[in-house]
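A.B. asks: What follows is a structure written as structure tokens; I'll ask about it next.
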Amino acid sequence: MDFDLSEEQRLLKDSVERLLADRYDFEARNGWLGGDPGWNREMWAQYAELGLLALPFSSDYGGMDGGPVETMIVMEAFGGALVVEPYLSTVILSGGFLRHGASAAQQAELIPQIADGSLLLAFAQTERQSRYDLFDVATTARRDGDDWVLDGAKSVVLHGNSANKLIVTARTSGNRRDRAGIGVFLVDAEAEGVSRRGYPTQDGHRAAEVLLDNVRVGADAVIGDVENALPLIERVVDEAVAALCSEAVGTMVKMHEETVEYLKVRKQFGVPIGKFQVLQHAAVDMFVDLEQARSMAMFATMMAQDEDADARRRAVSAAKVQVGRSVKAVGQSAIQLHGGVGMTMEFKVGHYFKRATMIDATFGSAEHHLTRAAGAGSLIAA
């Protein structure tokens, strides 16, 4: 199988990496974290100008017709630069709902606004009791004439503090943990009855707690099948997990590079500590873990758009398991080989490990996905 990038994909990779190398300074990034909204709107405009915000969408709606490989390229570069802008929440997660579930009218209205950078979206799914179960939904949506009325609370809504609109999962029928009876709704973040409390997460990104109190939306706010949206939700999340695996690879590449460079300059007993064979072996082990994660991230990328939900789920879970294990191994070695300075705010490696650790926890840890993969059977059909 040919894993080489096409000429267009290489150009995309070079363009993204050049933009981030020129404009995404580590000190400037840390300064953005303390402000409002916790990221840089000028960089968001740059992403729009480069076409990154339009990348996965159909050209029928102003998109670039990009696929999972293009997303992999962008996310790995973003991981290497510790990008904090809401690309995952707006383009990949919310954009996935528009691509796979929205009507032509909804796509025609919303996708051009995403592409030009004027519309920010956030996926409001997690609830306090749900943990990683996408079907555990207590938020309710009841009919009232032609409208729907939503009530409930959502937790850890990624970049929900700055979103213009929220994509909300709500139960339209059945019990809290039923797989059927779940709908997806597009809600204006400033609508009456919507309240948000934003906060920074451990890795410097932003999230929000969202309360929905008698929030009224029209019939045109429904995305997909209002009674059976779980397959759509699972598909979008699988694609997002594949993208996160690529971002994690980007963070591990930088952790390995930073560590090897530190071994060359840090001296002990009058010589660089990289001269000690045991530390050389540790750096090699980091590289092995990184390459194992890269291979599985590529596998998840290849399977992300598979129409066979079971095969896609097995592949994505297997990738998340390996990436989670590699993140732990690479991150711990990077911190150990840096010594105490690895945990200071001045050194990049600690920031990379924080982000990689949060990626492991997002949409299911390695342990969760190991259980899911085991329950799904063999990774490759007999």
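Residue numbering restarts at 1 in every chain; chains get A, B, ... in the order shown in the structure tokens, and ligands count up from 1 in that same order.
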Can you list, as a ChimeraX atom specification, every protein, DNA or RNA residue that comes within 12 Å of Trp32 in chain A when you count only C-alpha atoms, leaving out same-chain residues fewer than 6 positions away?

C.D. replies: /A:24-26,38-43,83-85,200,204-206

A.B. asks: Write out as a tab-separated table (two decimals) with N, CA, C and O atoms, in the first residue's frame which residues come within 7 Å of range 319-332 of chain A when counting only C-alpha atoms, dropping same-chain ones fewer than 4 positions away.

C.D. replies:
```
chain	number	residue	atom	x	y	z
A	245	CYS	N	-5.90	11.39	17.40
A	245	CYS	CA	-4.73	10.50	17.37
A	245	CYS	C	-3.59	11.15	16.58
A	245	CYS	O	-2.42	11.07	16.97
A	252	MET	N	3.89	14.09	20.33
A	252	MET	CA	4.96	13.15	20.67
A	252	MET	C	6.22	13.39	19.84
A	252	MET	O	7.34	13.22	20.34
A	286	MET	N	11.52	5.89	23.24
A	286	MET	CA	10.54	6.93	22.94
A	286	MET	C	10.20	6.95	21.46
A	286	MET	O	9.03	7.06	21.07
A	289	ASP	N	7.96	3.98	20.52
A	289	ASP	CA	6.57	4.23	20.94
A	289	ASP	C	5.90	5.24	20.02
A	289	ASP	O	4.72	5.09	19.67
A	290	LEU	N	6.63	6.27	19.63
A	290	LEU	CA	6.10	7.28	18.71
A	290	LEU	C	5.71	6.66	17.38
A	290	LEU	O	4.61	6.91	16.85
A	293	ALA	N	2.58	4.59	17.54
A	293	ALA	CA	1.40	5.45	17.56
A	293	ALA	C	1.12	6.03	16.18
A	293	ALA	O	-0.03	6.11	15.76
A	296	MET	N	-0.66	3.46	13.96
A	296	MET	CA	-2.06	3.26	14.31
A	296	MET	C	-2.90	4.50	14.00
A	296	MET	O	-4.08	4.39	13.63
A	297	ALA	N	-2.31	5.69	14.13
A	297	ALA	CA	-3.04	6.90	13.76
A	297	ALA	C	-3.33	6.91	12.26
A	297	ALA	O	-4.42	7.32	11.83
A	300	ALA	N	-6.21	4.51	11.70
A	300	ALA	CA	-7.48	5.14	12.07
A	300	ALA	C	-7.91	6.14	11.01
A	300	ALA	O	-9.10	6.25	10.68
A	315	ALA	N	-11.25	-0.15	14.49
A	315	ALA	CA	-9.99	0.50	14.09
A	315	ALA	C	-9.70	1.72	14.94
A	315	ALA	O	-8.56	1.92	15.41
A	336	GLN	N	11.09	12.70	32.62
A	336	GLN	CA	12.17	12.13	33.42
A	336	GLN	C	13.53	12.55	32.89
A	336	GLN	O	14.43	12.93	33.68
A	353	PHE	N	3.14	17.34	27.16
A	353	PHE	CA	2.65	16.18	27.91
A	353	PHE	C	1.24	16.44	28.44
A	353	PHE	O	0.39	15.54	28.44
A	356	ALA	N	-1.12	16.06	25.44
A	356	ALA	CA	-1.22	14.65	25.04
A	356	ALA	C	-2.05	13.85	26.04
A	356	ALA	O	-2.83	12.97	25.68
A	357	THR	N	-1.89	14.15	27.33
A	357	THR	CA	-2.66	13.46	28.36
A	357	THR	C	-4.14	13.76	28.23
A	357	THR	O	-4.99	12.88	28.40
A	360	ASP	N	-5.62	11.80	25.43
A	360	ASP	CA	-5.90	10.42	25.85
A	360	ASP	C	-7.25	10.31	26.54
A	360	ASP	O	-7.99	9.33	26.37
A	365	SER	N	-10.50	7.02	27.34
A	365	SER	CA	-9.08	6.74	27.58
A	365	SER	C	-8.67	5.45	26.89
A	365	SER	O	-9.50	4.71	26.33
A	366	ALA	N	-7.36	5.15	26.96
A	366	ALA	CA	-6.87	3.90	26.37
A	366	ALA	C	-7.55	2.70	27.00
A	366	ALA	O	-7.89	1.73	26.29
A	367	GLU	N	-7.76	2.73	28.30
A	367	GLU	CA	-8.42	1.61	28.98
A	367	GLU	C	-9.86	1.44	28.50
A	367	GLU	O	-10.33	0.31	28.29
A	369	HIS	N	-11.11	2.31	25.58
A	369	HIS	CA	-11.14	1.81	24.20
A	369	HIS	C	-10.61	0.38	24.11
A	369	HIS	O	-11.01	-0.35	23.19
A	370	LEU	N	-9.75	-0.02	25.03
A	370	LEU	CA	-9.33	-1.42	25.05
A	370	LEU	C	-10.52	-2.31	25.35
A	370	LEU	O	-10.72	-3.36	24.70
```

A.B. asks: Give the answer as one residue: which of A:Met345, A:Gly160, A:Glu307, A:Ala77 has the shortest atom-to-atom distance to Glu17 in chain A, using only C-alpha atoms?

C.D. replies: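 Closest residue, counting only C-alpha atoms: A:Ala77.
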
A.B. asks: Let me make sure I understand: among A:Leu279, A:Leu52, A:Gly79, A:Leu33, which one has the smallest atom-to-atom distance to Leu263 in chain A if we use only C-alpha atoms?

C.D. replies: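 Going through A:Leu279, A:Leu52, A:Gly79, A:Leu33 one by one, the smallest distance to Leu263 in chain A is for A:Leu279.
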
A.B. asks: Compare A:Val265, A:Ala283, A:Met72, A:Val217 by their minimum atom-to-atom distance to Arg143 in chain A, counting only C-alpha atoms, and give me the closest one.

C.D. replies: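 Ranking A:Val265, A:Ala283, A:Met72, A:Val217 by distance to Arg143 in chain A, first place goes to A:Val217.
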
A.B. asks: Select, from A:Gly364, A:Gly198, A:Gly339, A:Gly95, the residue with the minimum atom-to-atom distance to Val157 in chain A, counting only C-alpha atoms.

C.D. replies: A:Gly198

A.B. asks: Pick from A:His100, A:His368, A:Arg10, A:Arg171: nearest to Ile223 in chain A, with only C-alpha atoms counted?

C.D. replies: A:His100

A.B. asks: Give me, as a list in words, all polymer residues having an atom no more than 9 Å from Gly62 in chain A, counting only C-alpha atoms and skipping those fewer than 6 positions away in the same chain.

C.D. replies: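 Result of the neighbour search: Ala54, Ala108, Ile111, Pro112 and Ala115 of chain A.
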
A.B. asks: Using only C-alpha atoms, which of the listed residues (A:Val194, A:Ile335, A:Lys254, A:Arg176) sits closest to Ala153 in chain A?

C.D. replies: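 Ranking A:Val194, A:Ile335, A:Lys254, A:Arg176 by distance to Ala153 in chain A, first place goes to A:Val194.
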
A.B. asks: Would you mind writing down, as a count of residues only, each residue of range 135-290 of chain A that DSSP on the backbone assigns to alpha helix (DSSP H)?

C.D. replies: 50

A.B. asks: Select from range 98-282 of chain A everything DSSP, run on the backbone, classes as strand (DSSP E), then give the selection as a count of residues only.

C.D. replies: 58

A.B. asks: Tell me, as a tab-separated table (two decimals) with N, CA and C atoms, in the first residue's frame, which residues lie within 6 Å of range 125-140 of chain A, counting only C-alpha atoms; anything in the same chain fewer than 2 positions away does not count.

C.D. replies:
```
chain	number	residue	atom	x	y	z
A	150	LEU	N	-35.82	22.43	24.88
A	150	LEU	CA	-34.71	21.66	25.45
A	150	LEU	C	-34.46	22.06	26.90
A	151	ASP	N	-34.23	21.03	27.73
A	151	ASP	CA	-33.88	21.24	29.14
A	151	ASP	C	-32.78	20.26	29.53
A	152	GLY	N	-31.78	20.78	30.24
A	152	GLY	CA	-30.71	19.90	30.71
A	152	GLY	C	-29.42	20.65	30.92
A	154	LYS	N	-24.99	20.37	30.17
A	154	LYS	CA	-23.87	19.74	29.47
A	154	LYS	C	-22.56	20.18	30.11
A	155	SER	N	-21.62	19.26	30.20
A	155	SER	CA	-20.34	19.53	30.85
A	155	SER	C	-19.19	19.43	29.85
A	169	THR	N	-26.93	17.32	21.95
A	169	THR	CA	-27.65	16.04	21.95
A	169	THR	C	-28.72	16.08	23.04
A	170	ALA	N	-29.92	15.58	22.71
A	170	ALA	CA	-31.01	15.59	23.68
A	170	ALA	C	-31.91	14.39	23.44
A	171	ARG	N	-32.50	13.92	24.51
A	171	ARG	CA	-33.38	12.75	24.42
A	171	ARG	C	-34.78	13.18	24.03
A	176	ARG	N	-32.96	7.18	29.92
A	176	ARG	CA	-31.70	7.89	29.84
A	176	ARG	C	-30.62	7.15	29.06
A	177	ARG	N	-30.53	5.84	29.19
A	177	ARG	CA	-29.44	5.08	28.57
A	177	ARG	C	-29.90	4.25	27.38
A	179	ARG	N	-30.41	3.50	23.50
A	179	ARG	CA	-29.66	3.90	22.32
A	179	ARG	C	-30.55	4.62	21.30
A	363	PHE	N	-12.99	11.62	24.74
A	363	PHE	CA	-13.80	10.59	24.08
A	363	PHE	C	-13.32	9.18	24.40
A	364	GLY	N	-12.76	9.00	25.58
A	364	GLY	CA	-12.41	7.66	26.02
A	364	GLY	C	-10.93	7.45	26.16
```

A.B. asks: I want to know what sits within 8 Å of Ala122 in chain A, based on only C-alpha atoms, with residues of the same chain fewer than 4 positions away left out; could you give that as a ChimeraX atom specification?

C.D. replies: /A:89-90,93-94,157-160,163,165-167

A.B. asks: So the first atom is CA of Leu244 in chain A and the second is CA of Ile92 in chain A; what is the distance between them in Å, to one decimal place?

C.D. replies: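 Calculated distance between CA of Leu244 in chain A and CA of Ile92 in chain A is 10.0 Å.
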